[in-house]
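Okay, upload.txt now, which holds compact mmCIF, C-alpha atoms:
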# COMPACT_ATOMS: atom_id res chain seq x y z
CA MET A 1 -1.53 -1.15 85.70
CA ILE A 2 -0.97 2.20 83.99
CA PRO A 3 -4.17 3.30 82.20
CA VAL A 4 -3.89 2.88 78.44
CA ARG A 5 -5.25 5.24 75.80
CA LYS A 6 -8.56 4.04 74.42
CA ALA A 7 -7.20 4.10 70.87
CA VAL A 8 -4.40 1.70 71.87
CA GLU A 9 -6.80 -0.60 73.72
CA ARG A 10 -8.90 -0.93 70.56
CA MET A 11 -5.95 -1.69 68.27
CA LYS A 12 -5.02 -5.18 67.16
CA PRO A 13 -1.28 -5.92 67.36
CA TYR A 14 0.54 -5.80 64.03
CA ARG A 15 2.76 -8.86 63.80
CA PRO A 16 4.39 -9.11 60.37
CA PRO A 17 6.16 -12.45 59.79
CA LEU A 18 9.63 -10.94 59.81
CA GLU A 19 11.64 -13.38 61.93
CA GLY A 20 13.75 -16.27 60.65
CA ARG A 21 13.74 -15.16 56.99
CA ARG A 22 17.46 -14.85 56.22
CA ASN A 23 18.01 -18.36 54.83
CA PHE A 24 15.07 -18.17 52.41
CA LEU A 25 14.54 -16.57 49.03
CA ARG A 26 12.62 -13.63 50.49
CA LEU A 27 9.79 -12.73 48.15
CA ASP A 28 7.24 -11.81 50.83
CA PHE A 29 8.05 -8.15 51.64
CA ASN A 30 8.90 -6.67 48.22
CA GLU A 31 12.52 -6.07 49.16
CA ASN A 32 15.31 -5.76 46.62
CA THR A 33 16.27 -9.41 46.10
CA ILE A 34 19.96 -8.86 45.28
CA GLY A 35 20.82 -6.18 47.86
CA CYS A 36 22.05 -2.62 47.75
CA SER A 37 24.59 -0.98 45.46
CA PRO A 38 28.27 -1.91 46.01
CA LYS A 39 28.85 1.80 46.66
CA VAL A 40 26.72 1.47 49.81
CA ILE A 41 28.87 -1.42 51.05
CA ASP A 42 32.04 0.59 50.33
CA ALA A 43 30.61 3.49 52.36
CA LEU A 44 29.80 1.12 55.21
CA ARG A 45 33.39 -0.12 55.30
CA SER A 46 34.65 3.46 55.56
CA ILE A 47 32.69 4.35 58.71
CA ASP A 48 34.94 5.11 61.68
CA ALA A 49 34.44 5.29 65.44
CA ASN A 50 34.05 9.07 65.42
CA GLU A 51 31.06 8.86 63.06
CA ILE A 52 29.38 6.39 65.37
CA ALA A 53 30.13 8.46 68.47
CA THR A 54 28.60 11.71 67.20
CA TYR A 55 25.00 12.76 66.65
CA PRO A 56 23.90 12.68 63.00
CA GLU A 57 23.92 15.71 60.71
CA TYR A 58 21.34 16.01 57.95
CA ASP A 59 22.26 19.01 55.78
CA GLU A 60 24.33 17.01 53.28
CA LEU A 61 21.58 14.39 53.04
CA LYS A 62 18.99 17.06 52.26
CA ILE A 63 21.24 18.65 49.64
CA LYS A 64 21.82 15.33 47.87
CA ALA A 65 18.19 14.23 48.20
CA SER A 66 16.92 17.54 46.83
CA LYS A 67 19.05 17.07 43.70
CA PHE A 68 18.07 13.41 43.43
CA PHE A 69 14.32 14.11 43.63
CA GLY A 70 14.46 17.41 41.75
CA VAL A 71 13.00 19.58 44.52
CA GLY A 72 14.27 22.21 46.94
CA GLN A 73 15.93 21.36 50.23
CA GLU A 74 13.03 23.08 51.96
CA ASN A 75 10.67 20.55 50.34
CA ILE A 76 12.21 17.48 52.00
CA LEU A 77 11.82 15.88 55.41
CA PRO A 78 13.94 12.72 55.85
CA THR A 79 12.22 10.15 58.08
CA ASN A 80 12.90 6.83 59.72
CA ALA A 81 11.36 4.90 56.80
CA SER A 82 7.92 5.67 55.40
CA ASP A 83 6.41 4.43 58.66
CA GLU A 84 7.64 7.50 60.53
CA GLY A 85 6.73 9.61 57.51
CA ILE A 86 3.10 8.52 57.78
CA LEU A 87 3.09 9.21 61.51
CA SER A 88 4.67 12.65 61.03
CA VAL A 89 2.13 13.66 58.39
CA PHE A 90 -0.87 12.43 60.37
CA GLN A 91 0.18 13.92 63.70
CA THR A 92 1.05 17.28 62.13
CA PHE A 93 -2.16 17.87 60.18
CA LEU A 94 -4.89 15.76 61.80
CA ASP A 95 -6.58 15.96 65.19
CA ALA A 96 -8.03 12.95 66.98
CA GLY A 97 -11.43 12.15 65.51
CA SER A 98 -10.60 13.56 62.07
CA ASN A 99 -12.34 11.77 59.20
CA ILE A 100 -9.96 10.26 56.67
CA ILE A 101 -10.40 8.11 53.57
CA LEU A 102 -8.26 4.99 53.22
CA PRO A 103 -8.40 2.58 50.28
CA ALA A 104 -8.60 -1.15 50.91
CA PRO A 105 -6.66 -3.26 50.48
CA THR A 106 -3.53 -1.13 50.86
CA PHE A 107 -0.33 -0.72 52.89
CA THR A 108 -1.15 -1.77 56.45
CA MET A 109 0.71 1.01 58.24
CA PHE A 110 -1.75 3.70 57.15
CA ARG A 111 -4.50 2.03 59.17
CA PHE A 112 -2.05 1.29 62.00
CA TYR A 113 -1.13 4.94 62.53
CA ALA A 114 -4.65 6.18 61.88
CA GLU A 115 -5.92 3.92 64.66
CA LEU A 116 -3.03 4.88 66.94
CA LEU A 117 -3.89 8.58 66.57
CA ASP A 118 -7.62 7.90 67.00
CA LEU A 119 -8.60 9.03 63.51
CA ASN A 120 -11.98 8.09 62.06
CA ILE A 121 -11.34 5.79 59.09
CA ASN A 122 -13.64 5.74 56.08
CA GLN A 123 -12.56 2.62 54.17
CA LEU A 124 -13.23 2.47 50.43
CA LEU A 125 -12.76 -0.83 48.63
CA TYR A 126 -10.98 -1.13 45.32
CA ASN A 127 -13.07 -2.38 42.41
CA ASN A 128 -13.53 -6.13 42.14
CA ASP A 129 -10.96 -6.23 39.33
CA LEU A 130 -8.60 -4.32 41.68
CA THR A 131 -8.61 -1.15 39.59
CA PHE A 132 -8.86 2.18 41.41
CA PRO A 133 -12.48 3.27 42.14
CA GLU A 134 -12.18 6.87 40.96
CA GLU A 135 -15.86 7.82 41.08
CA ARG A 136 -16.42 6.33 44.52
CA PHE A 137 -13.43 8.21 45.88
CA LEU A 138 -14.60 11.49 44.38
CA SER A 139 -18.13 10.96 45.71
CA ALA A 140 -16.78 10.14 49.19
CA ILE A 141 -15.00 13.49 49.51
CA THR A 142 -17.43 15.49 51.60
CA ASP A 143 -16.86 18.60 53.70
CA ASP A 144 -16.05 16.58 56.82
CA ILE A 145 -13.21 14.60 55.22
CA LYS A 146 -9.88 15.96 56.47
CA ALA A 147 -7.45 13.66 54.63
CA LEU A 148 -7.27 11.17 51.79
CA VAL A 149 -4.60 8.53 51.22
CA VAL A 150 -3.63 6.95 47.90
CA VAL A 151 -0.81 4.47 47.35
CA ASN A 152 0.36 4.72 43.74
CA PRO A 153 0.93 2.11 42.53
CA ASN A 154 -0.91 0.26 45.26
CA ASN A 155 0.39 -2.48 47.52
CA PRO A 156 -0.71 -5.32 47.58
CA THR A 157 -2.71 -5.03 44.35
CA GLY A 158 -0.03 -3.57 42.06
CA THR A 159 -2.66 -1.14 40.78
CA PRO A 160 -1.57 2.24 39.33
CA VAL A 161 -3.73 5.36 39.57
CA LYS A 162 -3.87 7.73 36.61
CA ARG A 163 -2.28 11.15 37.08
CA GLU A 164 -5.47 12.92 35.97
CA THR A 165 -7.39 10.97 38.62
CA LEU A 166 -4.97 12.06 41.31
CA ILE A 167 -5.30 15.68 40.23
CA LYS A 168 -9.10 15.44 40.43
CA LEU A 169 -8.83 14.11 43.98
CA ILE A 170 -6.29 16.76 45.01
CA GLU A 171 -8.41 19.56 43.59
CA LYS A 172 -11.63 18.33 45.17
CA MET A 173 -9.94 18.12 48.58
CA GLY A 174 -9.14 21.85 48.42
CA ASN A 175 -6.89 22.75 51.35
CA ARG A 176 -7.25 19.35 53.01
CA LEU A 177 -4.49 16.75 53.11
CA VAL A 178 -3.88 14.37 50.20
CA LEU A 179 -1.12 11.89 51.04
CA ILE A 180 0.27 9.91 48.11
CA ASP A 181 2.70 7.06 48.74
CA GLU A 182 5.07 6.45 45.82
CA ALA A 183 7.06 3.60 47.38
CA TYR A 184 7.15 1.74 44.06
CA TYR A 185 7.93 4.72 41.85
CA GLU A 186 11.07 3.19 40.32
CA PHE A 187 9.03 0.29 38.93
CA HIS A 188 6.16 2.52 37.78
CA GLY A 189 7.92 5.64 36.52
CA GLU A 190 5.14 8.17 37.17
CA THR A 191 5.09 10.76 39.95
CA VAL A 192 3.24 13.81 41.23
CA ILE A 193 6.23 15.31 43.00
CA ASP A 194 6.27 18.05 40.37
CA LEU A 195 2.86 19.22 41.69
CA ILE A 196 3.84 19.94 45.30
CA ASN A 197 4.09 23.70 44.83
CA ARG A 198 1.02 23.91 42.61
CA TYR A 199 -1.12 22.06 45.17
CA LYS A 200 -0.25 23.00 48.74
CA ASN A 201 -2.41 20.19 50.14
CA LEU A 202 -0.27 17.49 48.48
CA VAL A 203 2.25 15.39 50.43
CA VAL A 204 4.29 12.62 48.76
CA LEU A 205 6.16 9.73 50.37
CA ARG A 206 9.22 8.01 48.91
CA THR A 207 11.30 5.17 50.35
CA PHE A 208 14.77 3.65 50.06
CA SER A 209 13.48 0.23 51.14
CA LYS A 210 12.45 -1.18 47.75
CA SER A 211 14.51 -0.57 44.61
CA PHE A 212 17.50 0.80 46.56
CA GLY A 213 17.83 -2.41 48.58
CA MET A 214 18.19 -0.56 51.90
CA ALA A 215 15.15 -1.72 53.88
CA GLY A 216 17.38 -2.48 56.85
CA LEU A 217 18.57 1.15 57.02
CA ARG A 218 15.02 2.50 57.48
CA LEU A 219 15.03 5.70 55.43
CA GLY A 220 12.16 7.48 53.75
CA THR A 221 11.41 11.01 52.63
CA VAL A 222 8.35 13.21 52.92
CA ILE A 223 8.13 15.70 50.05
CA SER A 224 5.77 18.69 50.01
CA CYS A 225 5.67 22.48 49.77
CA LYS A 226 8.02 24.30 52.12
CA GLU A 227 5.21 25.48 54.41
CA ASN A 228 4.04 21.91 55.05
CA VAL A 229 7.58 20.65 55.59
CA ALA A 230 8.24 23.46 58.08
CA HIS A 231 5.19 22.43 60.11
CA MET A 232 6.13 18.74 60.00
CA THR A 233 9.69 19.52 61.06
CA LYS A 234 8.35 21.17 64.24
CA ALA A 235 6.46 17.98 65.15
CA HIS A 236 9.28 15.62 64.13
CA SER A 237 11.99 13.97 66.22
CA PRO A 238 15.28 15.80 65.51
CA TYR A 239 17.48 12.67 65.52
CA SER A 240 15.33 9.80 64.29
CA ILE A 241 17.71 8.79 61.46
CA SER A 242 21.12 7.39 62.34
CA GLY A 243 24.33 8.92 61.03
CA ILE A 244 25.21 5.57 59.48
CA THR A 245 21.96 5.57 57.54
CA VAL A 246 22.68 9.10 56.32
CA LYS A 247 26.12 8.16 54.98
CA LEU A 248 24.96 4.97 53.29
CA ALA A 249 21.88 6.59 51.76
CA MET A 250 24.02 9.27 50.15
CA ALA A 251 26.19 6.53 48.65
CA GLY A 252 23.04 4.86 47.34
CA MET A 253 21.91 8.05 45.65
CA ASP A 254 25.33 8.29 44.00
CA ASP A 255 24.52 5.07 42.13
CA ARG A 256 21.28 5.90 40.33
CA GLU A 257 22.35 3.59 37.49
CA TYR A 258 22.28 0.59 39.86
CA VAL A 259 18.72 1.34 40.93
CA GLU A 260 17.52 1.94 37.38
CA ARG A 261 19.20 -1.21 36.08
CA TYR A 262 17.65 -3.35 38.83
CA ALA A 263 14.18 -1.86 38.30
CA ALA A 264 14.41 -2.46 34.54
CA GLU A 265 15.35 -6.11 35.06
CA VAL A 266 12.51 -6.62 37.53
CA LYS A 267 9.97 -5.23 35.07
CA ILE A 268 11.13 -7.63 32.36
CA ASN A 269 11.02 -10.59 34.72
CA ARG A 270 7.64 -9.52 36.11
CA GLU A 271 6.00 -9.67 32.70
CA ALA A 272 7.75 -12.93 31.78
CA LEU A 273 6.57 -14.58 34.99
CA ARG A 274 3.07 -13.26 34.53
CA ALA A 275 2.88 -14.74 31.03
CA LYS A 276 4.08 -18.15 32.22
CA LEU A 277 1.62 -18.23 35.11
CA GLU A 278 -1.28 -17.25 32.87
CA GLN A 279 -0.31 -20.09 30.51
CA CYS A 280 -0.82 -22.38 33.50
CA GLY A 281 -4.37 -21.06 33.84
CA LEU A 282 -3.71 -18.84 36.87
CA PRO A 283 -5.38 -15.42 37.12
CA VAL A 284 -2.58 -12.86 37.52
CA TYR A 285 -3.34 -9.18 38.05
CA PRO A 286 -1.47 -6.52 36.04
CA SER A 287 1.18 -4.89 38.21
CA SER A 288 3.19 -1.67 38.12
CA CYS A 289 5.25 -2.73 41.15
CA ASN A 290 8.03 -5.23 41.84
CA PHE A 291 5.55 -8.01 42.62
CA LEU A 292 2.69 -9.99 41.17
CA LEU A 293 -0.64 -10.79 42.81
CA ILE A 294 -1.83 -14.26 41.81
CA ARG A 295 -5.22 -15.80 42.59
CA PHE A 296 -4.82 -19.47 43.53
CA GLY A 297 -8.27 -19.81 45.07
CA GLY A 298 -8.63 -22.51 47.71
CA LYS A 299 -5.07 -23.70 47.06
CA ALA A 300 -3.45 -20.45 48.24
CA GLY A 301 -2.50 -21.61 51.73
CA LYS A 302 -1.09 -24.91 50.50
CA ILE A 303 0.85 -23.23 47.69
CA ALA A 304 2.40 -20.71 50.08
CA GLU A 305 3.40 -23.51 52.47
CA ALA A 306 4.77 -25.64 49.63
CA MET A 307 6.87 -22.70 48.42
CA ARG A 308 8.19 -22.22 51.93
CA ASN A 309 9.23 -25.85 51.98
CA GLU A 310 11.09 -25.13 48.74
CA GLY A 311 12.93 -22.30 50.50
CA ILE A 312 10.83 -19.49 49.02
CA LEU A 313 8.79 -17.01 51.06
CA ALA A 314 5.65 -15.47 49.52
CA ARG A 315 2.81 -13.51 51.15
CA ASP A 316 -0.62 -15.11 51.42
CA GLN A 317 -3.03 -12.16 51.17
CA SER A 318 -6.23 -14.15 51.77
CA THR A 319 -7.18 -12.17 54.87
CA SER A 320 -7.10 -8.83 53.00
CA PRO A 321 -10.32 -7.36 51.56
CA LEU A 322 -11.05 -8.64 48.02
CA LEU A 323 -7.96 -10.87 48.04
CA GLU A 324 -9.19 -14.23 49.31
CA GLY A 325 -7.12 -16.96 47.66
CA CYS A 326 -4.42 -14.52 46.51
CA ILE A 327 -0.66 -14.73 47.02
CA ARG A 328 1.67 -11.77 46.47
CA ILE A 329 5.11 -12.71 45.17
CA THR A 330 8.03 -10.30 44.83
CA VAL A 331 9.85 -10.43 41.49
CA GLY A 332 13.64 -10.51 41.48
CA ASN A 333 16.33 -11.38 38.96
CA LYS A 334 16.00 -13.93 36.17
CA GLU A 335 17.40 -16.87 38.13
CA GLN A 336 15.11 -16.18 41.10
CA THR A 337 12.10 -15.78 38.83
CA GLU A 338 12.74 -19.10 37.15
CA ARG A 339 13.05 -20.76 40.54
CA VAL A 340 9.71 -19.29 41.62
CA PHE A 341 7.91 -20.47 38.52
CA ALA A 342 9.33 -23.99 38.86
CA ALA A 343 8.16 -24.18 42.48
CA ILE A 344 4.66 -22.97 41.66
CA LYS A 345 4.27 -25.28 38.65
CA LYS A 346 5.45 -28.23 40.72
CA HIS A 347 2.70 -27.75 43.30
CA LEU A 348 -0.28 -26.74 41.16
In structure tokens, how does this file's structure come out?
Amino acid sequence: MIPVRKAVERMKPYRPPLEGRRNFLRLDFNENTIGCSPKVIDALRSIDANEIATYPEYDELKIKASKFFGVGQENILPTNASDEGILSVFQTFLDAGSNIILPAPTFTMFRFYAELLDLNINQLLYNNDLTFPEERFLSAITDDIKALVVVNPNNPTGTPVKRETLIKLIEKMGNRLVLIDEAYYEFHGETVIDLINRYKNLVVLRTFSKSFGMAGLRLGTVISCKENVAHMTKAHSPYSISGITVKLAMAGMDDREYVERYAAEVKINREALRAKLEQCGLPVYPSSCNFLLIRFGGKAGKIAEAMRNEGILARDQSTSPLLEGCIRITVGNKEQTERVFAAIKKHL
């Protein structure tokens, strides 16, 4: 056998339950539940053989994305989803053995790529009420910490982090990497993208997989000061995003109204569902994302299975730190939300 890197030998395989989901109401991965903008479908229909036969070009995508996000073209690195964005950031700025701070629970792929690159992970738990532990994070930033990750708002807790807290963390890290994932920005409405030129150690991730309804296209963006983006570009695959993805993403950005309208509906339904569940005596955590985290206790596994039998997929989070007995459920449109509540109430 070919010798394997020690870091890979130590890793546990990541096996998300992604297969056989198409015939269910998919509320387990926080996808857009009604699909992408019709403009994206129109763009897909217009693709010809020549576009498929040629290598992708990215200048037009960067121009449109820079206007969409309100930054310069030199501030943007398009990536093959946020997954590749995380890998690009880590492998550009961190050597093997670097000490990094990761919150827990949070998006699994940060740990995945940290382990792959043989980084030394300092895990900090959220508070018991799932609010962000500001003081513990600030205290944990010592001279040997080379990077800090914050997901805002956090997945799977739904927890937002205050802007002033983020600034404290960024300032205490000095010239060391602070990576902030804003995957759920459209449902939260607060960003630190405007700080990328004020703080040169700040890197922000955005994705087209959630509110845009384009998870299958695998597109994300890394946003930072031009110096950081130039370094990441050197360490980045030149053709990791398909030409088809480029064309469809530009069509998606042409329909900002669709994204905003969907996000607004989700927020209304999220709060309505939360109120109904709380009336049933279920602890439901406040969320700034397109999902709710509900604590069912010892019934969690049975509830998740019962929902599956009703044709609804939800994510049992019981194996995550602090989340024993919790199920995360994506919120969609009104009809879907009513269906979810009926299924839960039926099996309580």
Check your understanding: What would the list of residues within 6 Å of (8.7, 12.2, 45.6) (file frame) look like as a ChimeraX atom specification, if only C-alpha atoms are what count?
Key -> /A:193,204-206,223
Review point. So what do you get for CA of Pro238 (chain A) versus CA of Lys12 (chain A), distance-wise?
Key: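 One can read the CA of Pro238 (chain A) to CA of Lys12 (chain A) distance as 29.2 Å.
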**Study point:** Selection: 10 Å around Leu125 (chain A), only C-alpha atoms, excl. self and same-chain fewer than 3 positions, as an NGL selection string
**Key:** :A and (102-106 or 122 or 128 or 130-133 or 136-137 or 321-322)
Write out as a Markdown table the residues of region 206-274 of chain A that have any atom within 9 Å of an atom of region 323-337 of chain A, one row each with the nearest atom pair and its distance in Å to one decimal, counting only C-alpha atoms, sorted by chain and then rising number.
| residue | atom | partner | partner_atom | distance |
| --- | --- | --- | --- | --- |
| A:Tyr262 | CA | A:Asn333 | CA | 8.1 |
| A:Glu265 | CA | A:Asn333 | CA | 6.6 |
| A:Val266 | CA | A:Gly332 | CA | 5.7 |
| A:Lys267 | CA | A:Val331 | CA | 8.3 |
| A:Ile268 | CA | A:Lys334 | CA | 8.8 |
| A:Asn269 | CA | A:Lys334 | CA | 6.2 |
| A:Arg270 | CA | A:Val331 | CA | 5.9 |
| A:Ala272 | CA | A:Thr337 | CA | 8.8 |
| A:Leu273 | CA | A:Thr337 | CA | 6.8 |
Point to revise | For Gly35 (chain A), the nearest of the candidates A:Leu248, A:Leu282, A:Ala215, A:Val222, counting all atoms listed in the file | key: A:Ala215
